[in-house]
Amino acid sequence: MANIFSSLKKAYTLLKNVDFEKFSNLDETQLQGLMKLIGAPHKERQIPPVEGDFYHLGDEALKDEDRALQLKVRAFLEKEVKPIVNKYWLKAAFPFELIPKIAELNICGLTYQGYGCMGKSNLMEGMLAMEMARIDTSISTFFGVQSGLAMGSIYLLGSEAQKQEWLPDMQQMKIIGAFGLTEPEVGSGVAGGLTTTAKRNGSKWILNGQKKWIGNATFSDVTIIWARDVDDNQVKGFLVRKGTTGFAVEKMQDKMALRIVQNGLITLTNCEVDEEDRLQNANSFKDTAKVLKMTRAGVAWQAVGCARGAYESALSYTTTRKQFGRPIASYQLIQNHLVEMLSNLTAMQTLCFRLSQLQDQGLLTDAHASLAKVFCSMRTRDVVSRAREVMGGNGILLEYDVARFVADAEAIYSYEGTKEINTLIVGRAITGFSAFV
Ligand SMILES: Cc1cc2nc3c(=O)[nH]c(=O)nc-3n(C[C@H](O)[C@H](O)[C@H](O)COP(=O)(O)OP(=O)(O)OC[C@H]3O[C@@H](n4cnc5c(N)ncnc54)[C@H](O)[C@@H]3O)c2cc1C
């Protein structure tokens, strides 16, 4: 009752001071505007939560325990990785303190059976690659090289003894791996053009040549070197241990993307490797390609994560940044960018979701993986550039994160097969014509 009297008193005081004569000069629209102002109860606007998983793939598709793992990894990344990545990115340094913490998550070699690995689905692994790249693509790349390229080569192509020797410690990240395929003069053309040579000499192999862009190589304990056997002209894989004579690594400097990833230029000069350290089931480039097929699917998910991180940062920014007195998210042109970003992101997510299902069913082909990689890396470029656009000048400041996503999207676009190479793989699959040369 006391409230009603107090409201009536306020209304009386307000109305007593109003000059009603002036209102008669207002037209209909002005009057309606005024009524709206007086009549509208003051309501706090409810901003929907920022969510890049618009079609609920995480909560719908994953089993409860997998969803819990996804959220655990997300929480770890938000708490431990996000606050430090910009600092390391700027310095082009690697946050070694994160390695034991990532190891504790127990997600390395997630899909492999045995050797301490969890034997989870490819879908789960893809989702985690996305989660990592959503916070930082460099950390996701470091992890992808370790868990996918390096461990994957041993898991798919090593002998049982080699798997027993390396995989359990790699799974716990006590041993860090690298994967050396690309050369200074041979990138896209590695299938037929590797120039690094391997010459058998009794129980030893002698490696000579150079490898460029090799992620983790500056500190890896083991690097898988792909080289052409001069006797049968086939590509073979070698486990080169840290400190081997004739194996030298120089850190690549001044990258404008994935600055946290330590890429090495490796020089092999009469580098001696035991026959026991040759990957026993890698007999030609077709075997190398088995590893790439598996990891390419992961890179497609990584592109989704990079796009999602940028979209979520941008969406959040637009709801708080005000211009002309209103949040910029309330303007149609900004909403157009946001919806374009979300459409691309959702298309990528659903495509990768199906890709992982195919992988889990054992139906994945090279062309499936290539199509996802090419589509996602192109769309990601579009998403990050729109994210940068809606943030105005702040879009190029590192502290707002989107600038890092913009730069890192460029690396995703080129590694694990460029747009052209993946396009040619799909083109060959659908037409029957190889158009590489
Ligand atoms: C950040 C980063 C990390 C990397 N990490 C690793 C790693 O850990 N291990 C590793 O082995 N490699 C790694 N790479 C190398 C990567 O896989 C190569 O960069 C990639 O394969 C492309 O090779 P390239 O850069 O030599 O380009 P090139 O092959 O020289 O290509 C240049 C351009 O020519 C186009 N092109 C080439 N051939 C054709 C054709 N037939 N038709 C039409 N267009 C064509 C390409 O698409 C591209 O646009 C990494 C690269 C980057 C950027």
# chains A, B, ... in the order shown; residues from 1 in each chain; ligands from 1

$ residues_around --residues "stretch 231-240 of chain A" --least-positions-apart "4" --cutoff "7 Å" --atoms "only C-alpha atoms" --output "mmCIF file with C-alpha atoms, in the first residue's frame"
data_model
loop_
_atom_site.group_PDB
_atom_site.id
_atom_site.type_symbol
_atom_site.label_atom_id
_atom_site.label_comp_id
_atom_site.auth_asym_id
_atom_site.auth_seq_id
_atom_site.Cartn_x
_atom_site.Cartn_y
_atom_site.Cartn_z
ATOM 1 C CA VAL A 222 62.210 -37.255 -31.673
ATOM 2 C CA THR A 223 61.634 -35.985 -35.204
ATOM 3 C CA ILE A 224 60.181 -38.129 -37.948
ATOM 4 C CA ILE A 225 62.169 -37.449 -41.083
ATOM 5 C CA TRP A 226 60.742 -38.460 -44.427
ATOM 6 C CA ALA A 227 63.428 -39.224 -47.007
ATOM 7 C CA THR A 244 71.969 -37.319 -33.180
ATOM 8 C CA VAL A 273 70.035 -43.554 -37.991
ATOM 9 C CA ASP A 277 64.649 -46.481 -35.994
ATOM 10 C CA ARG A 278 63.246 -46.686 -39.512
ATOM 11 C CA LEU A 279 59.432 -46.748 -39.348
ATOM 12 C CA ALA A 282 56.380 -46.974 -44.019
ATOM 13 C CA ASN A 283 57.321 -48.251 -47.450
ATOM 14 C CA SER A 284 56.250 -45.487 -49.826
ATOM 15 C CA PHE A 285 54.619 -42.053 -49.894
#

$ residues_around --residues "A:Glu312" --least-positions-apart "6" --cutoff "12 Å" --atoms "only C-alpha atoms" --output "VMD selection string"
chain A and resid 49 to 54 134 to 135 304 to 306 318 to 319 338 to 339 341 to 342 345 383 to 384 386 to 388 390 to 391 400 to 402 405

$ write_last_selection --atoms "N, CA and C atoms" --output "compact mmCIF listing (two decimals), in the first residue's frame"
# COMPACT_ATOMS: atom_id res chain seq x y z
N PRO A 49 23.55 -15.32 -24.11
CA PRO A 49 24.94 -15.72 -23.90
C PRO A 49 25.67 -15.85 -25.24
N VAL A 50 26.97 -15.57 -25.22
CA VAL A 50 27.78 -15.72 -26.44
C VAL A 50 28.00 -17.22 -26.66
N GLU A 51 27.58 -17.73 -27.78
CA GLU A 51 27.63 -19.18 -28.03
C GLU A 51 27.88 -19.44 -29.51
N GLY A 52 29.02 -20.03 -29.82
CA GLY A 52 29.34 -20.31 -31.22
C GLY A 52 28.86 -21.66 -31.70
N ASP A 53 28.27 -22.44 -30.81
CA ASP A 53 27.75 -23.77 -31.22
C ASP A 53 26.24 -23.65 -31.38
N PHE A 54 25.83 -23.02 -32.47
CA PHE A 54 24.42 -22.64 -32.65
C PHE A 54 23.49 -23.84 -32.81
N ARG A 134 39.99 -22.57 -30.58
CA ARG A 134 39.06 -21.51 -30.18
C ARG A 134 39.75 -20.52 -29.23
N ILE A 135 40.70 -21.03 -28.47
CA ILE A 135 41.46 -20.15 -27.59
C ILE A 135 42.78 -19.73 -28.25
N VAL A 304 37.72 -24.54 -37.67
CA VAL A 304 36.44 -24.22 -37.01
C VAL A 304 36.71 -23.50 -35.70
N GLY A 305 37.69 -24.00 -34.94
CA GLY A 305 37.99 -23.40 -33.64
C GLY A 305 38.48 -21.97 -33.79
N CYS A 306 39.33 -21.75 -34.77
CA CYS A 306 39.87 -20.40 -35.00
C CYS A 306 38.72 -19.45 -35.34
N THR A 318 30.60 -6.55 -29.80
CA THR A 318 29.57 -5.70 -30.41
C THR A 318 28.39 -5.44 -29.47
N THR A 319 28.20 -6.30 -28.49
CA THR A 319 27.08 -6.05 -27.57
C THR A 319 27.45 -5.04 -26.49
N LEU A 338 27.62 -10.43 -38.33
CA LEU A 338 27.56 -11.48 -37.30
C LEU A 338 26.84 -12.73 -37.83
N VAL A 339 25.78 -12.50 -38.57
CA VAL A 339 25.02 -13.66 -39.07
C VAL A 339 25.79 -14.38 -40.18
N MET A 341 28.98 -14.58 -40.28
CA MET A 341 30.02 -15.34 -39.54
C MET A 341 29.42 -16.61 -38.97
N LEU A 342 28.26 -16.47 -38.35
CA LEU A 342 27.63 -17.64 -37.72
C LEU A 342 27.22 -18.68 -38.76
N LEU A 345 30.35 -20.46 -39.75
CA LEU A 345 30.81 -21.27 -38.63
C LEU A 345 29.94 -22.51 -38.46
N VAL A 383 35.46 -15.47 -41.90
CA VAL A 383 34.94 -15.19 -40.55
C VAL A 383 35.88 -14.26 -39.79
N VAL A 384 37.17 -14.59 -39.79
CA VAL A 384 38.10 -13.76 -38.98
C VAL A 384 38.18 -12.34 -39.54
N ARG A 386 35.75 -10.66 -40.99
CA ARG A 386 34.54 -9.94 -40.57
C ARG A 386 34.63 -9.60 -39.06
N ALA A 387 35.18 -10.54 -38.29
CA ALA A 387 35.32 -10.30 -36.85
C ALA A 387 36.21 -9.07 -36.64
N ARG A 388 37.30 -9.04 -37.38
CA ARG A 388 38.21 -7.90 -37.28
C ARG A 388 37.49 -6.60 -37.70
N VAL A 390 34.18 -5.77 -37.58
CA VAL A 390 33.18 -5.20 -36.65
C VAL A 390 33.83 -4.64 -35.38
N MET A 391 35.11 -4.89 -35.21
CA MET A 391 35.78 -4.37 -34.02
C MET A 391 36.52 -3.07 -34.30
N TYR A 400 42.69 -7.69 -27.93
CA TYR A 400 41.31 -8.11 -28.19
C TYR A 400 41.23 -9.49 -28.87
N ASP A 401 42.34 -10.16 -29.02
CA ASP A 401 42.44 -11.55 -29.52
C ASP A 401 42.17 -11.75 -31.01
N VAL A 402 41.23 -10.98 -31.57
CA VAL A 402 40.85 -11.25 -32.96
C VAL A 402 42.02 -11.07 -33.93
N PHE A 405 43.76 -14.26 -34.26
CA PHE A 405 43.02 -15.23 -35.08
C PHE A 405 43.16 -14.90 -36.57

$ atom_distance --atom1 "atom CA of A:Gly427" --atom2 "atom CA of A:Ala372"
13.3 Å

$ residues_around --residues "A:Trp301" --least-positions-apart "4" --cutoff "12 Å" --atoms "only C-alpha atoms" --output "ChimeraX atom specification"
/A:122-134,137,140-141,144,294-297,305-308,345-356,369,372-377,380,412

$ select_by_dssp --residues "stretch 35-234 of chain A" --states "strand (DSSP E or B)" --output "PyMOL selection string"
chain A and resi 113-114+117-118+177-180+197-201+204-215+222-229

$ select_by_dssp --residues "stretch 116-204 of chain A" --states "helix (DSSP H, G or I)" --output "number ranges by chain"
A: 122-135, 137-157, 160-171, 190-193

$ write_last_selection --atoms "C-alpha atoms" --output "tab-separated table (two decimals), in the first residue's frame"
chain	number	residue	atom	x	y	z
A	122	ASN	CA	37.42	-39.10	-33.88
A	123	LEU	CA	34.46	-36.82	-33.25
A	124	MET	CA	35.67	-36.26	-29.71
A	125	GLU	CA	39.17	-35.58	-30.94
A	126	GLY	CA	37.87	-33.12	-33.52
A	127	MET	CA	35.85	-31.28	-30.92
A	128	LEU	CA	38.93	-30.95	-28.72
A	129	ALA	CA	41.01	-29.65	-31.64
A	130	MET	CA	38.27	-27.06	-32.08
A	131	GLU	CA	38.30	-26.17	-28.38
A	132	MET	CA	42.05	-25.62	-28.44
A	133	ALA	CA	42.03	-23.48	-31.57
A	134	ARG	CA	39.06	-21.51	-30.18
A	135	ILE	CA	41.46	-20.15	-27.59
A	137	THR	CA	45.64	-21.92	-32.83
A	138	SER	CA	49.34	-22.16	-31.95
A	139	ILE	CA	48.70	-24.33	-28.90
A	140	SER	CA	46.33	-26.40	-30.98
A	141	THR	CA	49.04	-26.79	-33.65
A	142	PHE	CA	51.70	-27.77	-31.13
A	143	PHE	CA	49.31	-30.40	-29.81
A	144	GLY	CA	48.29	-31.54	-33.31
A	145	VAL	CA	51.92	-32.13	-34.29
A	146	GLN	CA	52.55	-34.13	-31.12
A	147	SER	CA	49.33	-36.12	-30.92
A	148	GLY	CA	48.53	-36.38	-34.64
A	149	LEU	CA	51.52	-36.12	-36.98
A	150	ALA	CA	54.26	-37.51	-34.73
A	151	MET	CA	52.39	-40.07	-32.61
A	152	GLY	CA	50.13	-40.90	-35.58
A	153	SER	CA	53.11	-41.80	-37.79
A	154	ILE	CA	54.34	-44.24	-35.15
A	155	TYR	CA	50.86	-45.57	-34.38
A	156	LEU	CA	49.99	-46.15	-38.05
A	157	LEU	CA	53.38	-47.09	-39.44
A	160	GLU	CA	55.02	-53.08	-32.29
A	161	ALA	CA	58.42	-52.57	-30.63
A	162	GLN	CA	58.54	-48.96	-31.87
A	163	LYS	CA	55.01	-48.31	-30.61
A	164	GLN	CA	55.91	-49.75	-27.20
A	165	GLU	CA	59.05	-47.69	-27.03
A	166	TRP	CA	57.61	-44.30	-27.98
A	167	LEU	CA	53.85	-44.05	-27.62
A	168	PRO	CA	53.33	-44.36	-23.84
A	169	ASP	CA	55.83	-41.58	-23.08
A	170	MET	CA	54.54	-39.44	-25.93
A	171	GLN	CA	51.00	-39.93	-24.66
A	190	VAL	CA	56.35	-33.71	-51.66
A	191	ALA	CA	54.58	-36.80	-53.01
A	192	GLY	CA	56.92	-37.12	-55.96
A	193	GLY	CA	59.65	-34.61	-55.27

$ residues_near_ligand --ligand "ligand 1" --cutoff "9 Å" --atoms "only C-alpha atoms and all ligand atoms" --output "ChimeraX atom specification"
/A:138,141-142,145,149,178-190,211-217,225-226,255,257-259,261-264,408,410-424,435-437

$ write_last_selection --atoms "C-alpha atoms" --output "PDB file, in the first residue's frame"
ATOM      1  CA  SER A 138      49.345 -22.158 -31.948  1.00  0.00           C
ATOM      2  CA  THR A 141      49.037 -26.790 -33.654  1.00  0.00           C
ATOM      3  CA  PHE A 142      51.701 -27.768 -31.126  1.00  0.00           C
ATOM      4  CA  VAL A 145      51.924 -32.129 -34.286  1.00  0.00           C
ATOM      5  CA  LEU A 149      51.520 -36.123 -36.977  1.00  0.00           C
ATOM      6  CA  ALA A 178      57.954 -33.430 -34.645  1.00  0.00           C
ATOM      7  CA  PHE A 179      57.147 -34.398 -38.240  1.00  0.00           C
ATOM      8  CA  GLY A 180      59.599 -33.433 -40.975  1.00  0.00           C
ATOM      9  CA  LEU A 181      58.218 -33.725 -44.477  1.00  0.00           C
ATOM     10  CA  THR A 182      58.373 -30.290 -46.159  1.00  0.00           C
ATOM     11  CA  GLU A 183      61.666 -29.075 -47.627  1.00  0.00           C
ATOM     12  CA  PRO A 184      62.899 -25.590 -48.522  1.00  0.00           C
ATOM     13  CA  GLU A 185      62.389 -26.292 -52.236  1.00  0.00           C
ATOM     14  CA  VAL A 186      59.595 -28.883 -52.034  1.00  0.00           C
ATOM     15  CA  GLY A 187      56.265 -28.090 -50.375  1.00  0.00           C
ATOM     16  CA  SER A 188      53.123 -29.048 -52.270  1.00  0.00           C
ATOM     17  CA  GLY A 189      55.097 -31.429 -54.453  1.00  0.00           C
ATOM     18  CA  VAL A 190      56.349 -33.712 -51.656  1.00  0.00           C
ATOM     19  CA  LYS A 211      63.483 -29.820 -43.899  1.00  0.00           C
ATOM     20  CA  LYS A 212      61.644 -26.528 -43.522  1.00  0.00           C
ATOM     21  CA  TRP A 213      58.711 -25.404 -41.354  1.00  0.00           C
ATOM     22  CA  ILE A 214      58.962 -28.329 -38.947  1.00  0.00           C
ATOM     23  CA  GLY A 215      56.742 -27.568 -35.948  1.00  0.00           C
ATOM     24  CA  ASN A 216      58.172 -28.343 -32.459  1.00  0.00           C
ATOM     25  CA  ALA A 217      61.522 -29.243 -34.085  1.00  0.00           C
ATOM     26  CA  ILE A 225      62.169 -37.449 -41.083  1.00  0.00           C
ATOM     27  CA  TRP A 226      60.742 -38.460 -44.427  1.00  0.00           C
ATOM     28  CA  LYS A 255      56.566 -15.398 -38.766  1.00  0.00           C
ATOM     29  CA  ALA A 257      51.206 -16.320 -37.918  1.00  0.00           C
ATOM     30  CA  LEU A 258      51.301 -19.075 -35.285  1.00  0.00           C
ATOM     31  CA  ARG A 259      54.135 -17.229 -33.619  1.00  0.00           C
ATOM     32  CA  VAL A 261      54.752 -22.584 -32.698  1.00  0.00           C
ATOM     33  CA  GLN A 262      58.490 -23.172 -32.931  1.00  0.00           C
ATOM     34  CA  ASN A 263      59.122 -24.031 -36.570  1.00  0.00           C
ATOM     35  CA  GLY A 264      62.546 -25.360 -37.418  1.00  0.00           C
ATOM     36  CA  ASP A 408      46.785 -17.532 -37.543  1.00  0.00           C
ATOM     37  CA  GLU A 410      46.689 -17.650 -42.755  1.00  0.00           C
ATOM     38  CA  ALA A 411      48.809 -20.550 -41.524  1.00  0.00           C
ATOM     39  CA  ILE A 412      45.825 -22.898 -41.387  1.00  0.00           C
ATOM     40  CA  TYR A 413      45.069 -21.856 -44.955  1.00  0.00           C
ATOM     41  CA  SER A 414      48.482 -23.026 -46.169  1.00  0.00           C
ATOM     42  CA  TYR A 415      49.620 -25.973 -44.088  1.00  0.00           C
ATOM     43  CA  GLU A 416      48.581 -29.622 -44.412  1.00  0.00           C
ATOM     44  CA  GLY A 417      47.961 -29.000 -48.098  1.00  0.00           C
ATOM     45  CA  THR A 418      47.216 -25.588 -49.580  1.00  0.00           C
ATOM     46  CA  LYS A 419      43.825 -24.652 -50.980  1.00  0.00           C
ATOM     47  CA  GLU A 420      45.002 -25.584 -54.474  1.00  0.00           C
ATOM     48  CA  ILE A 421      46.422 -28.973 -53.507  1.00  0.00           C
ATOM     49  CA  ASN A 422      43.343 -30.011 -51.529  1.00  0.00           C
ATOM     50  CA  THR A 423      41.150 -28.745 -54.363  1.00  0.00           C
ATOM     51  CA  LEU A 424      43.104 -30.890 -56.827  1.00  0.00           C
ATOM     52  CA  ALA A 435      45.262 -32.112 -62.704  1.00  0.00           C
ATOM     53  CA  PHE A 436      48.340 -31.749 -60.489  1.00  0.00           C
ATOM     54  CA  VAL A 437      50.815 -31.409 -63.366  1.00  0.00           C
TER      55      VAL A 437
END

$ closest_residue --among "A:Leu77, A:Tyr115, A:Thr431, A:Leu207" --to "A:Leu98" --atoms "only C-alpha atoms"
A:Leu77

$ closest_residue --among "A:Gly325, A:Gly119, A:Gly246, A:Gly109" --to "A:Gln172" --atoms "only C-alpha atoms"
A:Gly109

$ atom_distance --atom1 "atom CA of A:Gly177" --atom2 "atom CA of A:Arg241"
9.6 Å

$ closest_residue --among "A:Leu62, A:Met173, A:Leu333, A:Leu90" --to "A:Ser220" --atoms "only C-alpha atoms"
A:Met173

$ residues_around --residues "A:Lys101" --least-positions-apart "3" --cutoff "12 Å" --atoms "only C-alpha atoms" --output "list in words"
Val73, Phe76, Leu77, Lys79, Glu80, Val81, Pro95, Phe96, Glu97, Leu98, Glu104, Leu105, Asn106, Ile107, Cys108, Gln172, Met173 and Lys174 of chain A
